[in-house]
Structure formats: C-alpha cells, structure tokens
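Enquirer: Got a structure for you, questions after.
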Amino acid sequence: MSLQNLISGAECALPANPLAQVLKHTEGDRTLQRDRLAGPSTSRLHQLPPSATISANERDISLARQFFDSNAPNIHAPSPHILAPNIPHAELARRLGTPVAPVSTSGDLQDAWTRMEMQKQRLAQHRMQEDSMWAAEFGNAMPQMSIPGSSNQSYGQPQQNFARSSYMPQGSFMQNGMQMGGYGMDMMSSSPFENMHDQKGKGKGRAEDFEAAFAQFSSSALATTQSARIVEVQDSDTEGIEAALAHTGLDDTRVDDGVDSGTTFQKVWDELQKSDIPPAEKDLAKWEAEFNQLMSSQRDETDLDFGSGMKEAWESGLGDYDQTNALKFTDQGIPLLGDYVFETNNKYLADNTTSPLAQAKALLEQNGSLTEAALLLEAAIQKGDLGEGGYEAWILLGDTRSMDEREEAGMRALTEGVKRAEAAGARGAGMLSLAISYTNESFEKASLTTLFRWLVARFPDYTPPPETSASLSNSPWDSQQRVKDAFLTIAREQHASGVVDPDVQTGLGVLYYNSGDFERAKDCFESALTVRPKDYLLWNRLGSALSNGNKPEEALWAYREALQMRPTYTRAIYNVGVACLNIGAHKEASEHFLSALALQDTTEGEKSEQLWFTLRRALVAMNREDLADKAKAGGGLDVFRAEGFDF
Amino acid sequence: MSDLKVDGFKSSEILATLGSAFEQFSEAEKKNQIKKTNGIFELRVKNEAGQEAIWTIDLKKTGTVYKGAAKPKPDVAIILSDETFTLLADGKLDGQKAFMTGKLKTKGNMMLATKLDGVLKTAKAKAKL
C-alpha cells in the first residue's frame with residue numbers, strides 16, 4: 001500500500017483511506033485552538049536536520065498534547081453507544097473496502113465497552129472525547145456533502161480504531177508494548193501524516209482546503225447541541241464523500257521528500273510514547289505496515305541531509321561489502337542457509353556391512369556419542385538410506401547436531417528434513433526442532449513462521465484467522481501476537497477437555513521465550529514435562545528458560561536432570577557452563593565447556609565453534625588471555641588439562 | 001577494549017564486554033555475525049548527569065565496537081539512557097517495549113534497531129533452548 005494512496009487514494013472508500021481520515025480528524029479537533037497555535041500546518045517543512053527543531057513541529061506537538069490532555073467538550077453518555085455499533089461495521093467495512101454505515105448498538109459490544117471503560121478510565125476518557133467530536137460533527141455535517149463531508153469520514157475511522165482498541169481485551173496490553181505505539185500512532189498519526197501529506201506535495205492547497213472547511217464546519221458542529229445521535233450514512237452520502245475524496249485525490253503531485261515527516265513523526269512519536277494507551281490489537285498490523293512504510297519512505301528519500309547521507313553510506317557500503325555474504329531471507333523470515341555440508345572424512349562411509357541408520361539409532365538409544373551418531377546418520381543419508389518417508393534420517397541428523405551444539409549444521413539438516421517431511425505429508429515432523437534452532441540463532445521471524453506452520457500441519461481441523469498467515473510476511477510484531485493467539489486457542493481447547501499436549505506446550509513455550517517472557521515459557525515447559533518427564537530435551541528447554549530468565553541456580557537443577565538422562569547431551573553441558581558464567585563461576589564454566597569439547601573430540605572434524613567461543617569468554621573473564629588464545633578451532637584440549645582444569 | 005569505557009556510564013562496561021566479545025570472534029564467527037546483522041549501529045547514550053557518550057557497533061564491515069560516532073554514517077542511530085541500555089543488555093527490557101514506551105529512540109533504519117537485541121545478547125552468554 002503506497003502511502004500516497006493512504007493520503008489521497010483514488011479509491012476513496014473510507015476504509016482504504018484511514019490516514020486521510022485520521023488526518024482530518026485531528027484537524028477538526030484543533031479548530032477552537034487554532035488561533036493560538038503557531039503557524040499554519042500547510043507550510044512545507046523546509047529541509048530540517050534530523051534533530052528537527054520544535055518550531056515547525058510545535059503545532060504537531062501541541063496537537064498531540066491536546067489529544068491526550070485536552071478537555072474538549074465531551075459527550076460522555078451517548079458516546080459508548082455510538083462507538084459500539086461502529087466497531088464491527090467499520091472493521092468489516094475496512095476489510096471489505098466498502099463504505100461504512102454505522103448501525104445501531106449491538107449489545108455485547110456495549111458490554112465489552114463498559115468493561116473496558118472501567119478498566120481503563122483514561123482511555124475511555126480520551127476515546128470519548130474523540131467519539132463525541134466525531135458523533136457531533138458527523139451527525140451535523142452529513143448534510144454538508146463536500147469536503148467537510150469527507151472529513152467526517154475521517155472521524156469514523158479513528159473512532160473505530162479507538163473503539164476497537166478499547167474493545168480488545170487488555171491481555172494484549174501487557175503483552176505487547178508495541179501496541180501502545182500502534183494505538184498512539186492511530187490517534188496521533190494525523191499530525192505527522194498531515195505534515196507528511198503536506199510535504200508530499202499533495203497540495204498545500206488541499207490541506208488548506210480542509211482546514212478551511214473544518215474551521216467552518218467544526219465550529220458549526222460545536223456550536224450545535226452536544227447531544228450525539230446515530231446517523232445512518234446513506235449510500236448516497238458516502239458516494240458524495242467518495243467523490244469529494246476522489247476529487248481531492250486528483251491533486252496528486254510527485255511524492256515528495258518524506259524524511260521530514262520522519263523527523264516530525266519522531267517528535268510526535270515521542271509525545272505519544274509518554275502515554276500508556278495501548279493500541280488496538282487488530283490495528284497493530286495496520287499500524288505496523290504504515291510505520292514500516294513511513295520508515296522505508298524515510299530511507300528511500302534523498303533530499304534530506306540525513307537521508308541522503310545515509311543513502312551514500314548505503315551505497316558506498318554496498319560497494320565495499322561483499323553482497324554475496326549477506327544472509328538472504330524469505331519474506332516470512334526464513335533464512336536461506338544453503339545445503340547441508342557433510343563431513344569429509346566420514347569413516348562410516350566406507351563401511352558397507354551394517355545399516356548406518358540402524359546403528360545411529362542404537363547409539364542414540366544407548367546414550368552414545370552424539371558426534372558419532374551424527375556421522376553414522378550422514379553416512380546413512382549419503383548412501384540413500386533415508387528412513388521413514390525419506391525424511392526421518394534428516395530430521396534425526398538435525399536433532400543430533402543441535403544436541404551436539406552445532407546449531408548451523410542442525411538447522412540445515414532440519415530444513416532439509418522438514419522440506420521432505422512436508423512433501424511426504426508428515427504432520428509437522430521436525431518443525432518444532434527447526435523453530436527452536438531458529439530461536440537460538442535469533443531468527444525470530446523464522447521461528448514464528450515455522451511454529452505456525454507446525455500448528456497448522458498438526459491440527460488440520462483448526463483454521464486460524466486469515467490475518468495470521470498474512471501477518472507473517474509483513475509485520476513481525478503483530479504476527480507474534482497472532483501466532484501466540486493461535487496456539488493459545490488450541491491449548492485452551494485441549495485444556496477444556498483435560499488434555500495436555502506437550503508439543504503444543506513446547507511450541508507455546510518457545511513463543512514466549514522468543515518475546516522474552518521467560519516466566520511463561522517456563523510454565524509451558526513445566527506442563528509439557530508433566531506429560532513427558534523423561535524427555536531430556538524438555539528438561540534442557542526448561543533450564544534455558546530459567547537461565548535466560550535470570551534464574552541460573554534453578555536452571556542448573558533442570559540441566560542436571562537432562563544430563564542424568566543423557567550424559568552426552570553436549571548442549572546441556574554447554575548450558576550448564578553458561579549458567580556458571582552468569583553466576584560468576586568462571587573456572588567451573590570453563591571446565592564445563594572443556595568437557596563438552598572433549599565429548600566432541602572423537603572425530604577428525606571440527607568441534608563446535610560456539611563452544612570454543614564461549615570458552616574464550618570464560619577464560620578472558622578469568623584473566624587468562626593466554627589460554628583464550630589457545631582456545632580455538634584446531635586447538636588441543638590437553639593444554640587445558642595441564643593448566644589444572646578438571647574435565 | 002578498555003578504551004571503550006567512559007566514566008559515569010554503566011553502559012560502557014557492557015560495551016567493553018561486547019567489544020572484547022567481538023574481538024574474540026574467529027573470522028568465521030565474525031562473518032556470521034555480520035551476515036546476520038548487516039548494519040552499523042550508533043548508540044547515543046545519555047547518563048543521569050546529562051552527559052552523552054557515543055559508541056558505534058559496526059556489524060557490517062569490520063565487526064568491531066568503537067567509541068565515537070559512526071564512520072561512515074550509521075544505518076541506525078539509537079538514542080537512549082544509560083539505564084535503558086543496561087536493562088536492554090541484561091535482557092530485562094525488550095527492545096520493542098523500550099521503543100514503544102519511548103525509552104529508546106531511533107533515527108534511520110528502525111527495523112535494524114530490533115536487531116540490537118540480538119547483538120547485545122552476544123555480549124551476554126545465552127542459554128540455548
């Protein structure tokens with residue numbers, strides 16, 4: 001969606017033009033105070049340095065402030081009534097792209113509204129201000145069908161947004177601080193967008209027209225009785241509005257430099273962030289998309305100093321930087337890692353007698369060396385013995401590599417495995433492990449996507465709302481919440497029937513882990529463990545949730561459980577070392593890392609770089625830089641034994 | 001890197017650790033990080049006394065941390081307080097939440113700022129799921 005369209009879209013259907021409406025909405029609000037504010041909004045902000053001074057933005061700031069603090073005339077009682085009916089309709093309308101017609105109150109929305117009101121007084125208050133203004137002006141302005149009429153529509157949209165935000169359960173409020181910004185964006189984007197719209201050269205004239213129109217019509221609106229009433233927007237009316245918008249949309253000039261808007265935006269943004277109002281959950285995606293758009297337009301424009309400087313830097317950077325090294329991602333965040341790299345000197349390749357796959361499985365059963373098992377699996381794959389469905393060996397290899405603290409190899413193997421499993425119709429095999437690998441490597445978007453795909457594969461009867469999968473390509477912050485919701489829905493269903501599905505709990509735990517909510521992640525893993533107490537992977541996961549949640553001692557206890565069940569679980573040993581590091585027990589940490597490395601010492605291949613790296617950290621923390629220098633790939637471990645490390 | 005430290009800033013400790021962490025990266029690790037992050041972050045940290053210190057984390061070309069403004073221009077400039085940065089690095093505060101509550105401001109490629117979390121995590125050893 002181009003920003004231009006947002007401002008003055010040719011398809012002037014109300015829902016498709018949210019920005020325009022929000023913009024006008026703020027405009028309207030300001031009429032009474034217009035006199036005492038400095039400067040017209042229409043002046044193009046001249047090339048401002050990134051740290052734009054307040055002067056030109058003063059008005060925006062005051063606009064923002066007004067929004068939140070103003071005591072604009074309020075219609076308290078009727079406004080909820082007005083709001084409630086608009087919610088579903090507006091939402092629907094927006095989605096369908098049709099003009100909105102507010103309908104009469106629907107009861108449950110009303111209830112939700114009152115509930116929400118009680119919860120967030122301040123929110124309600126602000127919302128009511130907006131609503132009342134909207135209601136009054138809308139009701140009164142309907143007869144005036146020209147530009148002011150189109151401004152009316154603008155009221156509709158932000159109102160609906162506000163309504164929605166209040167309607168949304170407050171659970172989302174705490175979860176995602178992002179939402180606040182989104183909400184704020186909706187409320188306040190009018191001013192920055194107004195500016196941006198100006199700067200985009202869409203016509204100072206146009207803004208001026210609106211302002212004039214607003215002055216005239218708002219004052220008339222305010223002058224009239226303050227009782228709000230629901231007015232049906234007739235189709236004919238909306239056509240008039242559309243026409244008006246279409247007409248103004250034709251003012252199109254070149255897309256102007258949007259960077260100033262970025263800076264003005266930033267200012268207003270700062271103001272916004274001082275408030276705690278959460279945005280509508282559903283708007284998060286929209287907001288996020290708009291925000292991204294704004295930010296990318298900011299990056300794209302070259303007129304402003306900062307923008308052009310950055311562009312130069314970007315280009316020169318491109319010149320220096322070897323582009324082929326950059327990791328590429330799909331639009332859903334999945335990194336394109338390349339094929340799995342097999343070990344070169346694999347002694348099992350030559351051995352043609354026994355099935356390496358069977359051997360590997362046996363080895364894993366007996367808690368044998370993970371590195372050896374991996375070699376066997378590689379041999380199996382290279383010989384074409386892929387196990388069940390053509391994917392089993394790959395997934396097993398991936399899991400083994402991950403357990404052996406070789407994340408990248410694990411990821412590649414799992415990617416391959418999951419690809420084949422999907423082709424074979426397996427219900428989500430390997431996806432959880434892959435998502436976890438992505439999380440460990442901070443590919444959070446990929447993790448989200450993969451978890452979602454797992455959920456859908458594992459529960460084919462469950463149909464998530466369509467926005468969920470759409471959000472995966474667009475808005476990482478919004479999609480986090482949506483995927484969580486999807487998981488929670490399934491989890492609740494299961495809970496209602498008394499079932500605890502450890503996989504669903506694991507997936508949910510990973511989701512919480514991704515967003516840093518380690519407490520909840522811990523709870524999820526614990527419930528999974530009630531069903532599978534012998535699952536060492538789960539114990540490790542619990543441990544990590546505790547460890548990253550700053551509970552290293554409890555984490556150690558969980559890791560020990562895992563290691564009791566699988567003493568060769570390299571990753572768990574690594575994690576124990578990390579926990580020690582966090583406690584400050586550097587020597588013990590080093591010893592743990594060394595034992596993990598020792599486990600990997602059975603092959604000619606390289607040991608895990610991650611292990612070496614963290615060992616170096618521990619050694620430096622002990623002020624043994626000399627040893628740190630020795631701790632690298634290809635290094636021997638005996639030198640450390642000689643130094644008194646016990647492993 | 002002791003020259004990363006600036007008195008009166010708790011963040012400088014963290015950045016010093018980050019800097020030495022980067023130093024210890026092997027070539028392969030460094031390339032990996034650069035590949036993953038691909039950006040130059042300029043951190044403008046303000047402490048309670050009102051002083052401002054600037055550090056640059058270059059994860060695009062050199063893979064280093066150094067004091068002072070970015071050369072060439074950074075991909076994203078992040079403005080925050082000493083306190084915020086410490087919380088961020090400890091993992092007590094999520095980068096997104098910080099941004100949304102106004103504790104963290106960005107100029108430039110905002111999306112890149114979300115990667116800062118990941119970068120800071122390399123300063124602190126993280127347990128693996």
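Residue numbering restarts at 1 for every chain of the structure tokens, chains are lettered A, B, ... in their displayed order, and ligands are numbered from 1 as they appear.
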For chain B against chain A, with a cut-off of 7 Å and counting only C-alpha atoms, what is the closest atom pair and its distance in Å to one decimal for every residue that makes the cut, ordered by chain and number, as a tab-separated table?
Expert:
```
residue	atom	partner	partner_atom	distance
B:Ala21	CA	A:Arg617	CA	6.9
B:Phe25	CA	A:Phe613	CA	6.8
B:Lys35	CA	A:Ala326	CA	4.7
B:Lys36	CA	A:Leu327	CA	6.2
B:Lys61	CA	A:Tyr321	CA	6.5
B:Pro72	CA	A:Ala313	CA	6.1
B:Lys73	CA	A:Ala313	CA	5.7
B:Asp75	CA	A:Met310	CA	6.8
B:Asp94	CA	A:Gly516	CA	6.9
B:Gln96	CA	A:Met178	CA	6.3
B:Lys97	CA	A:Gly177	CA	4.7
B:Met100	CA	A:Gly181	CA	5.3
B:Thr101	CA	A:Gln273	CA	5.0
B:Gly102	CA	A:Gln273	CA	4.9
B:Gly108	CA	A:Arg299	CA	6.9
B:Asn109	CA	A:Arg299	CA	6.9
B:Met110	CA	A:Met295	CA	6.9
B:Gly118	CA	A:Ser442	CA	6.3
B:Ala125	CA	A:Val578	CA	6.0
B:Lys126	CA	A:Asn548	CA	6.5
B:Ala127	CA	A:Ser544	CA	5.1
B:Lys128	CA	A:Asn440	CA	5.9
B:Leu129	CA	A:Arg541	CA	4.7
```
Enquirer: How about saving the chosen residues, N, CA and C atoms kept, as an mmCIF file, in the first residue's frame?
Expert:
```
data_model
loop_
_atom_site.group_PDB
_atom_site.id
_atom_site.type_symbol
_atom_site.label_atom_id
_atom_site.label_comp_id
_atom_site.auth_asym_id
_atom_site.auth_seq_id
_atom_site.Cartn_x
_atom_site.Cartn_y
_atom_site.Cartn_z
ATOM 1 N N ALA B 21 34.085 -9.277 23.248
ATOM 2 C CA ALA B 21 33.445 -10.460 22.665
ATOM 3 C C ALA B 21 33.679 -10.477 21.162
ATOM 4 N N PHE B 25 35.854 -13.138 18.451
ATOM 5 C CA PHE B 25 35.231 -13.893 17.382
ATOM 6 C C PHE B 25 36.304 -14.412 16.450
ATOM 7 N N LYS B 35 26.916 -11.252 8.697
ATOM 8 C CA LYS B 35 25.886 -11.728 7.775
ATOM 9 C C LYS B 35 24.512 -11.575 8.406
ATOM 10 N N LYS B 36 24.443 -11.950 9.659
ATOM 11 C CA LYS B 36 23.135 -11.945 10.300
ATOM 12 C C LYS B 36 22.633 -10.544 10.554
ATOM 13 N N LYS B 61 30.896 -4.074 8.315
ATOM 14 C CA LYS B 61 32.155 -4.152 7.608
ATOM 15 C C LYS B 61 33.239 -4.801 8.451
ATOM 16 N N PRO B 72 31.545 5.221 8.122
ATOM 17 C CA PRO B 72 30.717 6.315 7.610
ATOM 18 C C PRO B 72 29.400 6.404 8.376
ATOM 19 N N LYS B 73 28.413 6.958 7.784
ATOM 20 C CA LYS B 73 27.177 7.172 8.508
ATOM 21 C C LYS B 73 26.585 5.831 8.933
ATOM 22 N N ASP B 75 23.720 3.012 9.949
ATOM 23 C CA ASP B 75 22.427 2.631 9.387
ATOM 24 C C ASP B 75 21.297 3.039 10.316
ATOM 25 N N ASP B 94 12.818 -5.483 26.854
ATOM 26 C CA ASP B 94 12.788 -5.897 25.476
ATOM 27 C C ASP B 94 12.930 -4.664 24.580
ATOM 28 N N GLN B 96 11.743 -3.854 21.767
ATOM 29 C CA GLN B 96 10.500 -3.310 21.239
ATOM 30 C C GLN B 96 9.763 -2.529 22.309
ATOM 31 N N LYS B 97 9.697 -3.122 23.513
ATOM 32 C CA LYS B 97 8.974 -2.440 24.594
ATOM 33 C C LYS B 97 9.640 -1.115 24.902
ATOM 34 N N MET B 100 8.555 1.304 22.343
ATOM 35 C CA MET B 100 7.162 1.689 22.456
ATOM 36 C C MET B 100 6.928 2.596 23.640
ATOM 37 N N THR B 101 7.703 2.441 24.681
ATOM 38 C CA THR B 101 7.480 3.318 25.829
ATOM 39 C C THR B 101 8.333 4.566 25.752
ATOM 40 N N GLY B 102 9.007 4.712 24.628
ATOM 41 C CA GLY B 102 9.739 5.950 24.442
ATOM 42 C C GLY B 102 11.097 5.976 25.101
ATOM 43 N N GLY B 108 16.752 6.541 11.544
ATOM 44 C CA GLY B 108 17.297 5.720 10.477
ATOM 45 C C GLY B 108 16.511 4.439 10.346
ATOM 46 N N ASN B 109 17.201 3.420 9.994
ATOM 47 C CA ASN B 109 16.551 2.146 9.735
ATOM 48 C C ASN B 109 16.054 1.526 11.032
ATOM 49 N N MET B 110 14.786 1.775 11.275
ATOM 50 C CA MET B 110 14.233 1.347 12.557
ATOM 51 C C MET B 110 14.230 -0.160 12.713
ATOM 52 N N GLY B 118 19.536 -8.710 19.560
ATOM 53 C CA GLY B 118 20.334 -9.885 19.237
ATOM 54 C C GLY B 118 21.816 -9.621 19.398
ATOM 55 N N ALA B 125 26.363 -14.294 27.567
ATOM 56 C CA ALA B 125 26.208 -15.684 27.156
ATOM 57 C C ALA B 125 24.752 -16.103 27.334
ATOM 58 N N LYS B 126 24.240 -16.719 26.320
ATOM 59 C CA LYS B 126 22.821 -17.056 26.375
ATOM 60 C C LYS B 126 22.658 -18.557 26.351
ATOM 61 N N ALA B 127 21.758 -19.024 27.169
ATOM 62 C CA ALA B 127 21.491 -20.460 27.178
ATOM 63 C C ALA B 127 20.737 -20.841 25.910
ATOM 64 N N LYS B 128 20.926 -22.056 25.510
ATOM 65 C CA LYS B 128 20.310 -22.483 24.256
ATOM 66 C C LYS B 128 19.133 -23.398 24.529
ATOM 67 N N LEU B 129 18.053 -23.160 23.833
ATOM 68 C CA LEU B 129 16.873 -23.990 24.021
ATOM 69 C C LEU B 129 17.168 -25.407 23.567
#
```
Enquirer: Counting only C-alpha atoms, what is within 9 Å of B:Gln33, bar same-chain residues fewer than 3 positions away, as a VMD selection string?
Expert: chain B and resid 28 to 30 36 to 38 59 to 60 63 119
Enquirer: When you draw a straight line from atom CA of A:Phe645 to atom CA of A:Ala596, how long is it in Å?
Expert: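 Between atom CA of A:Phe645 and atom CA of A:Ala596 the gap is 13.0 Å.
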Enquirer: Can you measure atom CA of A:Phe329 to atom CA of A:Ser473 for me? One decimal in Å is fine.
Expert: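 Taking atom CA of A:Phe329 and atom CA of A:Ser473, their separation equals 11.0 Å.
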Enquirer: Please return as number ranges by chain: the residues of chain B that backbone DSSP assigns to alpha helix (DSSP H).
Expert: B: 10-24, 27-37, 82-90, 95-100, 110-123
Enquirer: What's around A:Cys524 at 9 Å? Count only C-alpha atoms, leave out sequence neighbours fewer than 5 positions away in its own chain, and write the answer as an MDAnalysis selection string.
Expert: chainID A and resid 502 504:510 512 519 529 542
Enquirer: Take the residues that were just selected and, keeping all heavy atoms, output them as a CSV table (one decimal), in the first residue's frame.
Expert:
```
chain,number,residue,atom,x,y,z
A,502,PRO,N,2.1,-32.0,25.1
A,502,PRO,CA,3.4,-31.4,25.3
A,502,PRO,C,4.0,-30.7,24.1
A,502,PRO,O,4.7,-29.7,24.3
A,502,PRO,CB,4.2,-32.7,25.7
A,502,PRO,CG,3.4,-33.9,25.2
A,502,PRO,CD,2.0,-33.5,25.2
A,504,VAL,N,2.3,-28.9,21.9
A,504,VAL,CA,1.6,-27.5,21.9
A,504,VAL,C,2.2,-26.7,23.0
A,504,VAL,O,2.6,-25.5,22.8
A,504,VAL,CB,0.1,-27.6,22.1
A,504,VAL,CG1,-0.5,-26.2,22.2
A,504,VAL,CG2,-0.5,-28.3,20.9
A,505,GLN,N,2.4,-27.3,24.1
A,505,GLN,CA,3.0,-26.5,25.2
A,505,GLN,C,4.4,-26.1,24.9
A,505,GLN,O,4.9,-25.0,25.2
A,505,GLN,CB,3.0,-27.3,26.5
A,505,GLN,CG,1.7,-27.6,27.1
A,505,GLN,CD,1.0,-26.3,27.5
A,505,GLN,OE1,1.6,-25.4,28.1
A,505,GLN,NE2,-0.3,-26.2,27.3
A,506,THR,N,5.2,-27.0,24.3
A,506,THR,CA,6.5,-26.6,23.9
A,506,THR,C,6.5,-25.5,22.9
A,506,THR,O,7.2,-24.5,23.0
A,506,THR,CB,7.2,-27.8,23.2
A,506,THR,OG1,7.2,-29.0,24.1
A,506,THR,CG2,8.7,-27.5,22.9
A,507,GLY,N,5.6,-25.6,21.9
A,507,GLY,CA,5.5,-24.5,20.9
A,507,GLY,C,5.2,-23.2,21.6
A,507,GLY,O,5.8,-22.1,21.3
A,508,LEU,N,4.3,-23.2,22.5
A,508,LEU,CA,3.9,-22.0,23.2
A,508,LEU,C,5.0,-21.5,24.0
A,508,LEU,O,5.3,-20.3,24.0
A,508,LEU,CB,2.7,-22.3,24.0
A,508,LEU,CG,1.8,-21.1,24.5
A,508,LEU,CD1,1.4,-20.3,23.4
A,508,LEU,CD2,0.6,-21.7,25.2
A,509,GLY,N,5.7,-22.4,24.6
A,509,GLY,CA,6.9,-22.0,25.4
A,509,GLY,C,7.9,-21.3,24.6
A,509,GLY,O,8.5,-20.3,25.0
A,510,VAL,N,8.1,-21.8,23.4
A,510,VAL,CA,9.1,-21.2,22.5
A,510,VAL,C,8.6,-19.8,22.1
A,510,VAL,O,9.4,-18.9,22.0
A,510,VAL,CB,9.4,-22.1,21.3
A,510,VAL,CG1,10.3,-21.4,20.3
A,510,VAL,CG2,10.0,-23.4,21.7
A,512,TYR,N,6.8,-17.8,23.8
A,512,TYR,CA,7.0,-16.8,25.0
A,512,TYR,C,8.5,-16.6,25.1
A,512,TYR,O,8.9,-15.4,25.4
A,512,TYR,CB,6.5,-17.4,26.2
A,512,TYR,CG,5.0,-17.4,26.3
A,512,TYR,CD1,4.2,-18.5,26.6
A,512,TYR,CD2,4.3,-16.2,26.2
A,512,TYR,CE1,2.8,-18.4,26.7
A,512,TYR,CE2,2.9,-16.1,26.3
A,512,TYR,CZ,2.2,-17.2,26.5
A,512,TYR,OH,0.8,-17.1,26.6
A,519,GLU,N,9.1,-16.3,32.2
A,519,GLU,CA,8.3,-16.9,33.2
A,519,GLU,C,7.2,-17.8,32.6
A,519,GLU,O,7.1,-19.0,32.9
A,519,GLU,CB,7.5,-15.8,34.0
A,519,GLU,CG,8.3,-15.2,35.1
A,519,GLU,CD,8.6,-16.2,36.2
A,519,GLU,OE1,7.7,-17.0,36.5
A,519,GLU,OE2,9.8,-16.3,36.6
A,529,LEU,N,6.4,-31.1,30.7
A,529,LEU,CA,7.2,-32.1,31.4
A,529,LEU,C,6.3,-33.0,32.3
A,529,LEU,O,6.6,-34.2,32.5
A,529,LEU,CB,8.2,-31.5,32.3
A,529,LEU,CG,9.5,-31.2,31.6
A,529,LEU,CD1,10.4,-30.3,32.4
A,529,LEU,CD2,10.3,-32.4,31.3
A,542,LEU,N,13.5,-26.3,29.6
A,542,LEU,CA,13.1,-25.6,30.9
A,542,LEU,C,14.3,-24.9,31.5
A,542,LEU,O,14.2,-23.8,31.9
A,542,LEU,CB,12.6,-26.7,31.8
A,542,LEU,CG,12.3,-26.2,33.2
A,542,LEU,CD1,11.1,-25.2,33.2
A,542,LEU,CD2,11.9,-27.3,34.1
```
Enquirer: A:Thr450, A:Ser590, A:Ser355, A:Gln600: which is nearest A:Asp385, counting only C-alpha atoms?
Expert: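 Looking at the shortest contact to A:Asp385, the residue is A:Ser355.
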Enquirer: Please compute the atom CA of B:Leu120-atom CA of A:Leu615 distance, one decimal, in Å.
Expert: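 So the two atoms, atom CA of B:Leu120 and atom CA of A:Leu615, lie 18.2 Å apart.
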Enquirer: As a PyMOL selection string, please: every residue in chain B that a backbone DSSP assignment puts in strand (DSSP E).
Expert: chain B and resi 39-46+52-59+64-67+76-81+104-108
